[in-house]
file start11.txt (compact mmCIF, C-alpha atoms)
# COMPACT_ATOMS: atom_id res chain seq x y z
CA MET A 1 -21.16 33.06 -16.55
CA LYS A 2 -20.05 29.87 -14.94
CA ALA A 3 -19.81 28.63 -11.38
CA LYS A 4 -17.01 26.73 -9.69
CA ASP A 5 -17.57 24.50 -6.66
CA GLU A 6 -15.35 24.02 -3.64
CA ALA A 7 -13.70 21.00 -5.24
CA GLY A 8 -12.70 23.16 -8.19
CA ASN A 9 -15.15 21.71 -10.70
CA GLU A 10 -16.24 24.29 -13.26
CA ASP A 11 -19.62 24.38 -14.91
CA GLN A 12 -19.03 22.91 -18.36
CA SER A 13 -22.14 24.52 -19.81
CA PRO A 14 -21.97 28.16 -18.69
CA ALA A 15 -25.15 30.22 -18.52
CA GLN A 16 -25.44 32.55 -21.48
CA ARG A 17 -27.47 35.68 -22.01
CA SER A 18 -27.60 37.57 -25.30
CA PHE A 19 -28.59 41.18 -25.34
CA THR A 20 -28.31 44.18 -27.61
CA VAL A 21 -27.58 47.60 -26.27
CA ASP A 22 -29.24 50.45 -28.22
CA THR A 23 -29.28 53.92 -26.75
CA THR A 24 -30.16 55.70 -29.97
CA GLU A 25 -33.52 57.46 -29.94
CA PRO A 26 -35.71 56.69 -32.96
CA MET A 27 -36.91 59.40 -35.28
CA VAL A 28 -39.83 59.81 -37.68
CA LYS A 29 -38.21 59.89 -41.11
CA SER A 30 -41.25 60.68 -43.18
CA THR A 31 -45.02 60.84 -43.12
CA THR A 32 -47.97 60.49 -45.43
CA PRO A 33 -49.71 62.61 -46.29
CA LEU A 34 -46.78 64.94 -46.49
CA SER A 35 -46.65 67.76 -44.00
CA GLY A 36 -48.62 70.75 -45.38
CA ALA A 37 -50.03 68.75 -48.30
CA PRO A 38 -53.14 70.23 -49.90
CA GLY A 39 -55.94 68.36 -51.69
CA VAL A 40 -55.44 65.09 -49.89
CA GLY A 41 -57.90 62.34 -50.75
CA ARG A 42 -60.65 62.03 -48.13
CA GLY A 43 -60.14 58.30 -47.75
CA THR A 44 -56.45 58.59 -46.89
CA ASN A 45 -54.64 56.82 -44.07
CA LEU A 46 -51.83 58.46 -42.13
CA THR A 47 -48.46 56.71 -42.04
CA ALA A 48 -45.17 57.43 -40.36
CA SER A 49 -41.91 55.67 -41.11
CA PHE A 50 -39.31 55.35 -38.39
CA SER A 51 -35.54 55.31 -38.38
CA GLU A 52 -35.48 51.97 -36.53
CA THR A 53 -37.67 49.12 -35.53
CA MET A 54 -40.36 50.16 -33.09
CA GLY A 55 -41.88 48.19 -30.27
CA ALA A 56 -45.40 47.22 -31.35
CA SER A 57 -46.90 47.79 -27.92
CA SER A 58 -45.82 51.43 -27.91
CA VAL A 59 -47.59 52.27 -31.18
CA ASN A 60 -51.30 52.67 -30.41
CA THR A 61 -54.16 55.15 -30.34
CA THR A 62 -52.61 56.89 -27.35
CA THR A 63 -49.31 57.57 -29.09
CA PHE A 64 -50.52 58.08 -32.70
CA LYS A 65 -53.43 60.51 -32.86
CA LEU A 66 -55.45 62.41 -35.44
CA TYR A 67 -57.07 65.78 -34.86
CA LYS A 68 -59.48 67.83 -36.93
CA VAL A 69 -58.38 71.49 -36.90
CA ASN A 70 -61.47 73.64 -36.65
CA PRO A 71 -61.78 77.04 -38.37
CA ASP A 72 -61.47 78.73 -34.97
CA GLY A 73 -58.20 77.03 -34.36
CA THR A 74 -59.50 74.49 -31.83
CA GLN A 75 -58.85 70.81 -32.42
CA THR A 76 -61.13 67.85 -32.19
CA GLN A 77 -59.59 64.42 -31.79
CA ILE A 78 -60.88 61.73 -34.12
CA THR A 79 -61.39 58.81 -31.78
CA ASP A 80 -62.50 56.01 -34.07
CA VAL A 81 -59.03 55.56 -35.48
CA VAL A 82 -57.26 52.23 -35.78
CA VAL A 83 -53.47 52.24 -35.35
CA GLY A 84 -51.11 49.48 -36.38
CA LEU A 85 -47.44 48.80 -36.95
CA SER A 86 -46.00 47.05 -39.98
CA SER A 87 -44.47 43.62 -39.47
CA ASP A 88 -40.99 45.03 -39.90
CA GLY A 89 -41.75 47.56 -37.18
CA LEU A 90 -40.71 50.48 -39.35
CA THR A 91 -44.05 51.94 -40.42
CA ALA A 92 -47.03 52.96 -38.32
CA THR A 93 -50.42 53.39 -39.97
CA LEU A 94 -53.45 55.29 -38.68
CA ASN A 95 -56.78 54.52 -40.33
CA PRO A 96 -59.04 57.52 -39.49
CA PHE A 97 -62.26 55.56 -39.22
CA GLY A 98 -61.23 51.96 -38.91
CA ALA A 99 -63.76 49.58 -40.42
CA LYS A 100 -66.22 52.37 -41.06
CA THR A 101 -66.43 53.76 -44.55
CA THR A 102 -66.80 57.33 -43.34
CA LEU A 103 -64.52 59.75 -45.15
CA LEU A 104 -62.63 62.75 -43.86
CA ALA A 105 -64.44 66.10 -44.25
CA ARG A 106 -63.93 68.12 -47.40
CA SER A 107 -61.46 71.01 -47.48
CA THR A 108 -60.58 70.46 -43.89
CA LYS A 109 -57.25 70.72 -42.07
CA TYR A 110 -56.18 67.66 -40.11
CA LYS A 111 -53.22 67.16 -37.81
CA GLY A 112 -51.37 63.93 -37.12
CA VAL A 113 -49.44 63.53 -33.86
CA ILE A 114 -46.96 60.84 -32.86
CA THR A 115 -45.94 61.26 -29.24
CA THR A 116 -42.74 60.32 -27.43
CA GLY A 117 -44.70 57.43 -25.99
CA THR A 118 -43.57 55.48 -29.03
CA LYS A 119 -40.40 53.55 -28.35
CA ASP A 120 -37.99 51.36 -30.22
CA LEU A 121 -37.41 47.70 -29.31
CA ALA A 122 -34.74 48.67 -26.80
CA GLY A 123 -37.14 51.08 -25.11
CA ASN A 124 -35.69 54.33 -26.37
CA PRO A 125 -38.50 56.90 -26.81
CA LEU A 126 -38.97 58.98 -29.93
CA ALA A 127 -36.47 61.83 -29.85
CA GLN A 128 -39.25 64.37 -30.08
CA GLN A 129 -42.94 64.42 -30.72
CA LYS A 130 -43.85 64.57 -34.42
CA SER A 131 -46.88 66.53 -35.58
CA TRP A 132 -47.90 67.62 -39.05
CA THR A 133 -50.94 68.91 -40.85
CA PHE A 134 -52.56 68.41 -44.22
CA THR A 135 -55.74 69.59 -45.92
CA THR A 136 -58.33 67.45 -47.66
CA LYS A 137 -59.56 68.24 -51.12
CA SER A 138 -62.83 69.98 -51.76
CA MET B 139 -5.89 -40.48 23.59
CA TRP B 140 -5.41 -43.93 25.08
CA ALA B 141 -3.44 -44.80 28.23
CA TRP B 142 -2.10 -47.89 29.88
CA GLY B 143 0.64 -48.98 32.28
CA SER B 144 1.22 -47.63 35.80
CA ASN B 145 -1.53 -45.53 37.35
CA SER B 146 0.18 -45.00 40.69
CA ASP B 147 -0.51 -41.26 40.65
CA TYR B 148 -3.61 -41.26 38.39
CA GLN B 149 -1.37 -40.38 35.50
CA LEU B 150 -3.45 -42.54 33.17
CA SER B 151 -6.52 -40.33 33.65
CA VAL B 152 -8.62 -43.45 33.73
CA ASP B 153 -10.02 -45.54 36.58
CA THR B 154 -8.09 -48.76 36.99
CA THR B 155 -8.47 -51.84 39.03
CA PRO B 156 -6.17 -52.67 40.60
CA TYR B 157 -5.11 -49.14 41.39
CA TRP B 158 -1.57 -49.55 40.11
CA GLY B 159 -2.50 -49.71 36.47
CA ARG B 160 -3.66 -51.68 33.50
CA THR B 161 -2.08 -53.76 30.83
CA THR B 162 -4.34 -52.77 27.94
CA PRO B 163 -5.00 -49.25 26.52
CA ALA B 164 -8.11 -47.47 27.73
CA LYS B 165 -9.61 -44.41 26.05
CA VAL B 166 -9.19 -41.29 28.14
CA SER B 167 -12.41 -39.35 28.42
CA GLY B 168 -12.62 -35.58 28.68
CA ILE B 169 -10.01 -34.82 26.01
CA SER B 170 -9.93 -34.97 22.23
CA ASN B 171 -8.08 -33.47 19.27
CA VAL B 172 -4.80 -34.54 20.86
CA VAL B 173 -1.84 -34.05 18.55
CA GLY B 174 1.03 -34.89 20.93
CA VAL B 175 1.61 -36.84 24.14
CA SER B 176 4.41 -37.47 26.60
CA ALA B 177 4.46 -39.96 29.52
CA GLY B 178 6.40 -39.04 32.66
CA THR B 179 7.10 -41.08 35.75
CA ASP B 180 3.95 -40.04 37.55
CA GLN B 181 2.40 -37.50 35.20
CA SER B 182 1.13 -37.33 31.62
CA LEU B 183 1.07 -34.40 29.21
CA ALA B 184 -1.02 -33.98 26.07
CA VAL B 185 -1.05 -31.21 23.42
CA LYS B 186 -4.29 -30.44 21.62
CA ASP B 187 -4.58 -29.04 18.13
CA ASP B 188 -5.57 -25.67 19.58
CA GLY B 189 -2.14 -25.30 21.21
CA THR B 190 -3.30 -25.98 24.77
CA VAL B 191 -1.57 -28.42 27.15
CA TRP B 192 -3.52 -30.86 29.29
CA THR B 193 -2.19 -32.95 32.10
CA SER B 194 -2.99 -35.56 34.73
CA GLY B 195 -1.20 -37.32 37.57
CA SER B 196 0.78 -36.05 40.55
CA TRP B 197 1.62 -32.51 41.46
CA HIS B 198 4.46 -32.75 39.01
CA SER B 199 1.84 -32.46 36.31
CA GLY B 200 0.98 -28.95 37.44
CA ASN B 201 -2.33 -27.33 38.32
CA THR B 202 -2.80 -29.35 41.45
CA GLY B 203 -2.83 -26.46 43.82
CA GLY B 204 0.79 -25.99 44.59
CA LEU B 205 3.65 -27.74 46.34
CA ASP B 206 1.74 -27.92 49.61
CA ASP B 207 -0.48 -30.48 48.03
CA CYS B 208 2.42 -32.68 47.14
CA CYS B 209 1.70 -36.26 47.30
CA THR B 210 -1.88 -35.93 48.46
CA THR B 211 -3.61 -34.15 45.55
CA PHE B 212 -3.81 -35.56 42.11
CA ASN B 213 -5.27 -34.67 38.73
CA LYS B 214 -7.39 -37.71 38.16
CA SER B 215 -8.64 -36.59 34.76
CA PRO B 216 -7.14 -34.21 32.16
CA VAL B 217 -6.94 -30.57 33.23
CA GLN B 218 -5.59 -27.70 31.19
CA VAL B 219 -2.24 -26.29 32.20
CA GLY B 220 -2.58 -22.56 32.64
CA GLY B 221 -0.32 -19.98 31.01
CA LEU B 222 0.44 -21.98 27.89
CA SER B 223 -0.81 -21.35 24.39
CA GLY B 224 0.38 -22.09 20.89
CA ILE B 225 2.17 -25.20 22.14
CA THR B 226 3.21 -27.75 19.57
CA TYR B 227 5.44 -30.12 21.56
CA VAL B 228 5.80 -31.26 25.18
CA VAL B 229 8.11 -33.55 27.11
CA ALA B 230 7.22 -34.98 30.53
CA GLY B 231 10.10 -35.56 32.94
CA LEU B 232 11.11 -38.86 34.45
CA ARG B 233 11.91 -39.55 38.11
CA ASP B 234 15.62 -39.28 37.55
CA SER B 235 15.39 -36.13 35.39
CA PRO B 236 13.82 -35.06 37.77
CA TYR B 237 10.18 -34.41 37.07
CA HIS B 238 10.33 -31.24 35.04
CA ASN B 239 8.22 -30.72 31.95
CA LEU B 240 9.06 -28.79 28.82
CA ALA B 241 6.80 -27.30 26.21
CA VAL B 242 7.60 -25.74 22.83
CA SER B 243 5.35 -23.18 21.19
CA SER B 244 5.18 -22.19 17.55
CA ASP B 245 4.75 -18.51 18.30
CA SER B 246 7.53 -16.13 17.36
CA PRO B 247 8.24 -14.25 20.51
CA PRO B 248 8.80 -10.51 20.15
CA PRO B 249 12.42 -9.53 19.79
CA PRO B 250 13.99 -8.52 23.07
CA GLY B 251 13.23 -4.92 23.94
CA ASP B 252 10.34 -4.43 21.51
CA SER B 253 7.10 -4.97 23.23
CA GLN B 254 6.20 -1.35 22.70
CA ALA B 255 3.54 -0.42 20.15
CA PRO B 256 4.98 1.82 17.46
CA SER B 257 4.02 5.46 17.30
CA PRO B 258 0.88 6.03 15.28
CA PRO B 259 1.57 6.97 11.65
CA THR B 260 0.94 10.46 10.39
CA ILE B 261 -1.13 11.21 7.30
CA THR B 262 0.35 14.24 5.58
CA SER B 263 -1.53 14.08 2.29
CA PRO B 264 -4.26 14.76 1.32
CA GLN B 265 -4.91 17.60 3.70
CA ASN B 266 -7.84 17.28 6.04
CA ASN B 267 -11.10 18.61 4.59
CA SER B 268 -9.70 18.67 1.08
CA TYR B 269 -11.39 17.76 -2.17
CA ASP B 270 -10.79 15.28 -4.93
CA THR B 271 -12.48 15.48 -8.31
CA ASP B 272 -11.99 12.02 -9.80
CA GLY B 273 -12.26 9.51 -6.95
CA SER B 274 -8.63 8.41 -7.26
CA PHE B 275 -5.86 9.69 -5.01
CA SER B 276 -3.04 8.56 -2.78
CA VAL B 277 -2.98 8.76 0.98
CA SER B 278 0.58 9.19 2.19
CA GLY B 279 2.48 10.04 5.30
CA SER B 280 5.16 8.75 7.61
CA ALA B 281 5.38 5.90 10.09
CA GLU B 282 7.93 3.93 12.08
CA ALA B 283 10.55 2.91 9.52
CA GLY B 284 9.94 -0.54 8.13
CA SER B 285 6.58 -0.93 9.81
CA THR B 286 3.52 -2.15 7.97
CA VAL B 287 0.97 0.60 7.52
CA GLU B 288 -2.69 -0.20 7.07
CA LEU B 289 -5.09 2.43 5.84
CA PHE B 290 -8.66 2.46 7.11
CA GLU B 291 -11.83 4.21 6.15
CA GLY B 292 -13.74 3.85 9.39
CA THR B 293 -13.06 0.21 10.27
CA THR B 294 -12.70 -0.96 6.67
CA SER B 295 -9.17 -1.66 5.49
CA LYS B 296 -8.23 0.18 2.30
CA GLY B 297 -4.85 -1.48 1.86
CA THR B 298 -1.50 -2.01 3.47
CA THR B 299 2.02 -1.05 2.56
CA LYS B 300 5.44 -1.13 4.10
CA ALA B 301 6.86 2.14 5.32
CA ASP B 302 10.26 2.97 3.88
CA SER B 303 12.93 1.20 5.87
CA SER B 304 14.87 4.40 6.46
CA SER B 305 12.55 7.37 6.05
CA GLY B 306 9.33 5.71 7.18
CA ALA B 307 7.49 7.30 4.24
CA TRP B 308 4.48 5.42 2.94
CA SER B 309 1.74 5.89 0.38
CA ILE B 310 -1.41 3.95 -0.40
CA ALA B 311 -3.46 4.65 -3.52
CA VAL B 312 -7.24 4.48 -3.41
CA SER B 313 -9.50 4.58 -6.42
CA GLY B 314 -13.14 4.31 -7.29
CA VAL B 315 -13.94 6.38 -4.24
CA SER B 316 -17.60 7.35 -4.28
CA GLU B 317 -19.01 10.87 -4.40
CA GLY B 318 -19.10 12.43 -0.94
CA ALA B 319 -16.98 12.70 2.20
CA HIS B 320 -14.59 9.94 3.24
CA THR B 321 -12.49 9.89 6.41
CA TYR B 322 -9.23 7.97 6.56
CA SER B 323 -6.82 6.96 9.30
CA ALA B 324 -3.87 4.60 9.44
CA LYS B 325 -2.23 2.22 11.89
CA ALA B 326 1.32 0.87 11.90
CA THR B 327 2.35 -2.65 12.91
CA ASP B 328 6.02 -3.27 13.67
CA ALA B 329 8.00 -6.44 13.03
CA ALA B 330 7.22 -7.70 16.51
CA GLY B 331 3.50 -7.51 15.77
CA ASN B 332 2.83 -4.49 17.93
CA THR B 333 0.13 -2.31 16.39
CA SER B 334 -0.06 1.39 16.97
CA SER B 335 -3.07 3.43 17.76
CA ALA B 336 -4.72 5.30 14.89
CA SER B 337 -3.13 8.21 13.07
CA ASN B 338 -4.69 11.58 12.60
CA SER B 339 -7.82 11.29 10.51
CA VAL B 340 -8.17 13.02 7.19
CA THR B 341 -11.46 13.74 5.49
CA VAL B 342 -11.47 13.93 1.72
CA THR B 343 -14.60 14.91 -0.18
CA VAL B 344 -14.87 13.39 -3.63
CA ASP B 345 -16.81 15.73 -5.89
CA THR B 346 -16.83 14.68 -9.53
CA LEU B 347 -19.92 16.65 -10.50
CA SER B 348 -19.79 20.19 -11.84
CA PRO B 349 -22.02 22.96 -10.53
CA ALA B 350 -24.80 24.49 -12.60
CA THR B 351 -25.03 28.19 -13.33
CA ASN B 352 -28.20 30.21 -13.85
CA THR B 353 -28.72 33.79 -14.91
CA ALA B 354 -31.22 35.21 -12.46
CA SER B 355 -31.74 38.65 -13.92
CA GLY B 356 -30.41 41.05 -16.53
CA PRO B 357 -31.43 42.28 -19.95
CA SER B 358 -32.12 39.84 -22.73
CA GLY B 359 -32.54 40.95 -26.32
CA PRO B 360 -32.75 44.67 -27.18
CA SER B 361 -32.04 46.98 -24.27
CA ASN B 362 -31.35 50.68 -23.91
CA ASP B 363 -29.41 50.14 -20.69
CA ASN B 364 -25.74 50.63 -21.48
CA THR B 365 -24.69 49.71 -17.97
CA PRO B 366 -26.66 46.48 -17.68
CA THR B 367 -26.50 44.50 -14.47
CA PHE B 368 -26.69 40.73 -14.49
CA SER B 369 -27.20 38.65 -11.41
CA PHE B 370 -26.64 34.96 -11.37
CA SER B 371 -26.69 31.95 -9.12
CA GLY B 372 -25.42 28.42 -9.06
CA SER B 373 -26.09 25.09 -7.45
CA ASP B 374 -23.97 22.05 -6.72
CA ASN B 375 -24.55 18.61 -5.29
CA LEU B 376 -21.98 19.09 -2.52
CA SER B 377 -20.89 22.70 -2.22
CA GLN B 378 -23.27 25.13 -0.58
CA ALA B 379 -24.42 27.90 -2.92
CA ALA B 380 -22.69 30.48 -0.75
CA ASN B 381 -19.38 28.75 -1.36
CA LEU B 382 -19.60 28.75 -5.14
CA ARG B 383 -17.43 31.13 -7.13
CA TYR B 384 -18.30 32.74 -10.43
CA SER B 385 -16.55 33.80 -13.58
CA TYR B 386 -17.97 35.63 -16.57
CA LYS B 387 -17.00 36.86 -19.96
CA VAL B 388 -18.50 39.13 -22.58
CA ASP B 389 -18.32 38.12 -26.22
CA GLY B 390 -14.77 37.08 -27.04
CA SER B 391 -13.14 38.32 -23.86
CA ALA B 392 -11.25 36.04 -21.51
CA TRP B 393 -13.05 34.57 -18.54
CA SER B 394 -12.79 36.75 -15.47
CA SER B 395 -11.09 35.42 -12.39
CA TYR B 396 -13.46 33.59 -10.06
CA SER B 397 -15.05 35.58 -7.29
CA SER B 398 -17.92 35.30 -4.87
CA GLU B 399 -19.74 38.18 -6.57
CA THR B 400 -23.16 37.12 -7.81
CA SER B 401 -23.81 40.13 -10.00
CA ILE B 402 -21.87 42.22 -12.46
CA THR B 403 -22.55 45.54 -14.10
CA LEU B 404 -21.16 46.01 -17.56
CA GLY B 405 -20.14 49.32 -19.04
CA VAL B 406 -21.02 49.07 -22.70
CA PRO B 407 -19.34 51.85 -24.67
CA ARG B 408 -21.65 54.46 -26.14
CA ALA B 409 -19.43 54.73 -29.15
CA SER B 410 -20.60 54.23 -32.69
CA PRO B 411 -22.07 51.84 -33.52
CA ARG B 412 -24.03 52.27 -30.38
CA ALA B 413 -25.74 48.95 -30.70
CA LEU B 414 -23.55 46.16 -29.42
CA THR B 415 -24.37 42.55 -29.09
CA PRO B 416 -22.52 41.24 -26.07
CA SER B 417 -23.21 37.67 -25.21
CA MET B 418 -22.88 36.65 -21.60

call {"tool": "encode", "arguments": {"input": "start11.txt", "output": "structure tokens"}}
result
Amino acid sequence: MKAKDEAGNEDQSPAQRSFTVDTTEPMVKSTTPLSGAPGVGRGTNLTASFSETMGASSVNTTTFKLYKVNPDGTQTQITDVVVGLSSDGLTATLNPFGAKTTLLARSTKYKGVITTGTKDLAGNPLAQQKSWTFTTKS
Amino acid sequence: MWAWGSNSDYQLSVDTTPYWGRTTPAKVSGISNVVGVSAGTDQSLAVKDDGTVWTSGSWHSGNTGGLDDCCTTFNKSPVQVGGLSGITYVVAGLRDSPYHNLAVSSDSPPPPGDSQAPSPPTITSPQNNSYDTDGSFSVSGSAEAGSTVELFEGTTSKGTTKADSSSGAWSIAVSGVSEGAHTYSAKATDAAGNTSSASNSVTVTVDTLSPATNTASGPSGPSNDNTPTFSFSGSDNLSQAANLRYSYKVDGSAWSSYSSETSITLGVPRASPRALTPSM
């Protein structure tokens, strides 16, 4: 935009603002391990790939969670996880135990959850929460 | 000035013994810078280089207090004759003339019937409280036909011109006018030398500097707001911010017409592709 004064002089270097409008909600395109996968290695990480670039601040341990599914159906959240986003913003990774070398339990069902708290760069939240389960090998 | 001869009526402006005069020139004191003289029968006249006339002698010389003082009051040394200025030549009368004096001035007297000051000129352009953006413009108007118009800024002359001999139109160009407000008026002087009072005054503000525009708020970069609002502001060296006007454009559109609005809300289409990259 440019201003004009009372004498009629126009600003010769108008103010400029560049912006991108994106109203499309991102989606989770795929996960690892695959949903329902059996015999998953106990040292595995969880990953989710997104349909568009995500905002790094919205991908964290609050929005990407791991639960252990107990035999009685209850769930226990694994809280030592470390969550990060790839430099291209398209892949989130959850390391179950961070720097620790602890492995996941044998023959156990785990559930990954990515909430709608994750948002793309324009601020659009995930279209719907993504959750999936897999089972570790014996 | 030097004088000699008869001093019967003190016309020599010098003391003499015997009273009737002297045979050799004596310097007259009390007067200098004399450029013309004339000797009358019993009076003397002198013109100084400043156009004044000085006299001595009998009442015929003038300035002796009137006719009642005839023959008893004398100017014994030079006195200035009142009511005369710009005189270049005088003649003193002789007894048989009789006794009248003449003086010639170099002034051009006003033509008969024109001792009136002309009407003040009128400035018709530029309009009062108008703006100029390059410091060069012409001040024009009308005045008494054939008069000489002088343009003033305050008391400083900005030029003279002759008003058209039939229409009275005149125009004076000014240039190099500095940034800021300048107030002009004009006076007209007719052929007889009568000068009018001042015209209407016209204030012109020279503003050669452009305003600056700032974007105060609005999305930058990725945004999921498809009706984004941008507010903006501007500043100028002379115009108040409230008097600035704004224009905007999006991408390759044409500039909008100027308005006083300081914010706009865009409606970005939600069509595919739904990511647009407008640039304000």

call {"tool": "atom_distance", "arguments": {"input": "start11.txt", "atom1": "CA of Asn352 (chain B)", "atom2": "CA of Ser398 (chain B)"}}
result
14.6 Å

call {"tool": "residues_around", "arguments": {"input": "start11.txt", "residues": "region 309-312 of chain B", "least_positions_apart": "6", "cutoff": "6 Å", "atoms": "all atoms listed in the file", "output": "PyMOL selection string"}}
result
chain B and resi 274-278

call {"tool": "closest_atom_pairs", "arguments": {"input": "start11.txt", "of": "chain B", "to": "chain A", "cutoff": "9 Å", "atoms": "only C-alpha atoms", "output": "Markdown table"}}
result
| residue | atom | partner | partner_atom | distance |
| --- | --- | --- | --- | --- |
| B:Ser268 | CA | A:Ala7 | CA | 7.8 |
| B:Tyr269 | CA | A:Ala7 | CA | 5.0 |
| B:Asp270 | CA | A:Ala7 | CA | 6.4 |
| B:Thr271 | CA | A:Ala7 | CA | 6.4 |
| B:Thr343 | CA | A:Ala7 | CA | 8.0 |
| B:Val344 | CA | A:Ala7 | CA | 7.9 |
| B:Asp345 | CA | A:Ala7 | CA | 6.2 |
| B:Thr346 | CA | A:Asn9 | CA | 7.3 |
| B:Leu347 | CA | A:Asn9 | CA | 7.0 |
| B:Ser348 | CA | A:Asn9 | CA | 5.0 |
| B:Pro349 | CA | A:Asp11 | CA | 5.2 |
| B:Ala350 | CA | A:Asp11 | CA | 5.7 |
| B:Thr351 | CA | A:Lys2 | CA | 5.5 |
| B:Asn352 | CA | A:Ala15 | CA | 5.6 |
| B:Thr353 | CA | A:Ala15 | CA | 6.2 |
| B:Gly356 | CA | A:Arg17 | CA | 8.2 |
| B:Pro357 | CA | A:Phe19 | CA | 6.2 |
| B:Ser358 | CA | A:Phe19 | CA | 4.6 |
| B:Gly359 | CA | A:Phe19 | CA | 4.1 |
| B:Pro360 | CA | A:Ala122 | CA | 4.5 |
| B:Ser361 | CA | A:Ala122 | CA | 4.1 |
| B:Asn362 | CA | A:Thr23 | CA | 4.8 |
| B:Asp363 | CA | A:Val21 | CA | 6.4 |
| B:Asn364 | CA | A:Val21 | CA | 6.0 |
| B:Pro366 | CA | A:Val21 | CA | 8.7 |
| B:Phe370 | CA | A:Met1 | CA | 7.8 |
| B:Ser371 | CA | A:Ala3 | CA | 8.0 |
| B:Gly372 | CA | A:Ala3 | CA | 6.1 |
| B:Ser373 | CA | A:Ala3 | CA | 8.2 |
| B:Asp374 | CA | A:Asp5 | CA | 6.9 |
| B:Leu376 | CA | A:Asp5 | CA | 8.1 |
| B:Ser377 | CA | A:Asp5 | CA | 5.8 |
| B:Gln378 | CA | A:Asp5 | CA | 8.4 |
| B:Ala379 | CA | A:Asp5 | CA | 8.5 |
| B:Asn381 | CA | A:Glu6 | CA | 6.6 |
| B:Leu382 | CA | A:Asp5 | CA | 4.9 |
| B:Arg383 | CA | A:Lys4 | CA | 5.1 |
| B:Tyr384 | CA | A:Ala3 | CA | 4.5 |
| B:Ser385 | CA | A:Lys2 | CA | 5.4 |
| B:Tyr386 | CA | A:Met1 | CA | 4.1 |
| B:Lys387 | CA | A:Met1 | CA | 6.6 |
| B:Val388 | CA | A:Met1 | CA | 9.0 |
| B:Trp393 | CA | A:Met1 | CA | 8.5 |
| B:Tyr396 | CA | A:Lys4 | CA | 7.7 |
| B:Val406 | CA | A:Val21 | CA | 7.6 |
| B:Arg408 | CA | A:Thr23 | CA | 7.7 |
| B:Arg412 | CA | A:Asp22 | CA | 5.9 |
| B:Ala413 | CA | A:Asp22 | CA | 4.5 |
| B:Leu414 | CA | A:Val21 | CA | 5.3 |
| B:Thr415 | CA | A:Thr20 | CA | 4.5 |
| B:Pro416 | CA | A:Phe19 | CA | 6.1 |
| B:Ser417 | CA | A:Ser18 | CA | 4.4 |
| B:Met418 | CA | A:Arg17 | CA | 4.7 |

call {"tool": "residues_around", "arguments": {"input": "start11.txt", "residues": "region 100-102 of chain A", "least_positions_apart": "4", "cutoff": "9 Å", "atoms": "all atoms listed in the file", "output": "number ranges by chain"}}
result
A: 43, 80, 96

call {"tool": "write_last_selection", "arguments": {"input": "start11.txt", "atoms": "C-alpha atoms", "output": "compact mmCIF listing (two decimals), in the coordinates of the input"}}
result
# COMPACT_ATOMS: atom_id res chain seq x y z
CA GLY A 43 -60.14 58.30 -47.75
CA ASP A 80 -62.50 56.01 -34.07
CA PRO A 96 -59.04 57.52 -39.49

call {"tool": "atom_distance", "arguments": {"input": "start11.txt", "atom1": "CA of Asp147 (chain B)", "atom2": "CA of Asp188 (chain B)"}}
result
26.7 Å

call {"tool": "atom_distance", "arguments": {"input": "start11.txt", "atom1": "CA of Ile225 (chain B)", "atom2": "CA of Gly195 (chain B)"}}
result
19.9 Å

call {"tool": "residues_around", "arguments": {"input": "start11.txt", "residues": "Gln128 (chain A)", "least_positions_apart": "2", "cutoff": "12 Å", "atoms": "only C-alpha atoms", "output": "PyMOL selection string"}}
result
chain A and resi 25-29+113-119+124-126+130-131

call {"tool": "decode", "arguments": {"input": "start11.txt", "residues": "region 29-37 of chain A", "atoms": "N, CA and C atoms", "output": "PDB file, in the first residue's frame"}}
result
ATOM      1  N   LYS A  29      -0.459 -38.990   6.312  1.00  0.00           N
ATOM      2  CA  LYS A  29      -0.513 -39.839   5.122  1.00  0.00           C
ATOM      3  C   LYS A  29      -0.128 -41.284   5.463  1.00  0.00           C
ATOM      4  N   SER A  30       0.856 -41.405   6.324  1.00  0.00           N
ATOM      5  CA  SER A  30       1.280 -42.777   6.657  1.00  0.00           C
ATOM      6  C   SER A  30       1.997 -42.772   7.992  1.00  0.00           C
ATOM      7  N   THR A  31       2.147 -43.960   8.559  1.00  0.00           N
ATOM      8  CA  THR A  31       2.841 -44.074   9.837  1.00  0.00           C
ATOM      9  C   THR A  31       3.792 -45.253   9.782  1.00  0.00           C
ATOM     10  N   THR A  32       4.778 -45.206  10.680  1.00  0.00           N
ATOM     11  CA  THR A  32       5.558 -46.412  10.975  1.00  0.00           C
ATOM     12  C   THR A  32       5.589 -46.523  12.485  1.00  0.00           C
ATOM     13  N   PRO A  33       5.558 -47.719  13.026  1.00  0.00           N
ATOM     14  CA  PRO A  33       5.179 -48.938  12.297  1.00  0.00           C
ATOM     15  C   PRO A  33       3.802 -48.781  11.670  1.00  0.00           C
ATOM     16  N   LEU A  34       3.502 -49.662  10.755  1.00  0.00           N
ATOM     17  CA  LEU A  34       2.190 -49.613  10.125  1.00  0.00           C
ATOM     18  C   LEU A  34       1.112 -49.924  11.151  1.00  0.00           C
ATOM     19  N   SER A  35      -0.062 -49.393  10.903  1.00  0.00           N
ATOM     20  CA  SER A  35      -1.174 -49.669  11.803  1.00  0.00           C
ATOM     21  C   SER A  35      -1.470 -51.167  11.800  1.00  0.00           C
ATOM     22  N   GLY A  36      -1.540 -51.776  13.011  1.00  0.00           N
ATOM     23  CA  GLY A  36      -1.854 -53.190  13.155  1.00  0.00           C
ATOM     24  C   GLY A  36      -0.671 -54.120  12.924  1.00  0.00           C
ATOM     25  N   ALA A  37       0.528 -53.558  12.756  1.00  0.00           N
ATOM     26  CA  ALA A  37       1.689 -54.385  12.447  1.00  0.00           C
ATOM     27  C   ALA A  37       2.034 -55.292  13.619  1.00  0.00           C
TER      28      ALA A  37
END
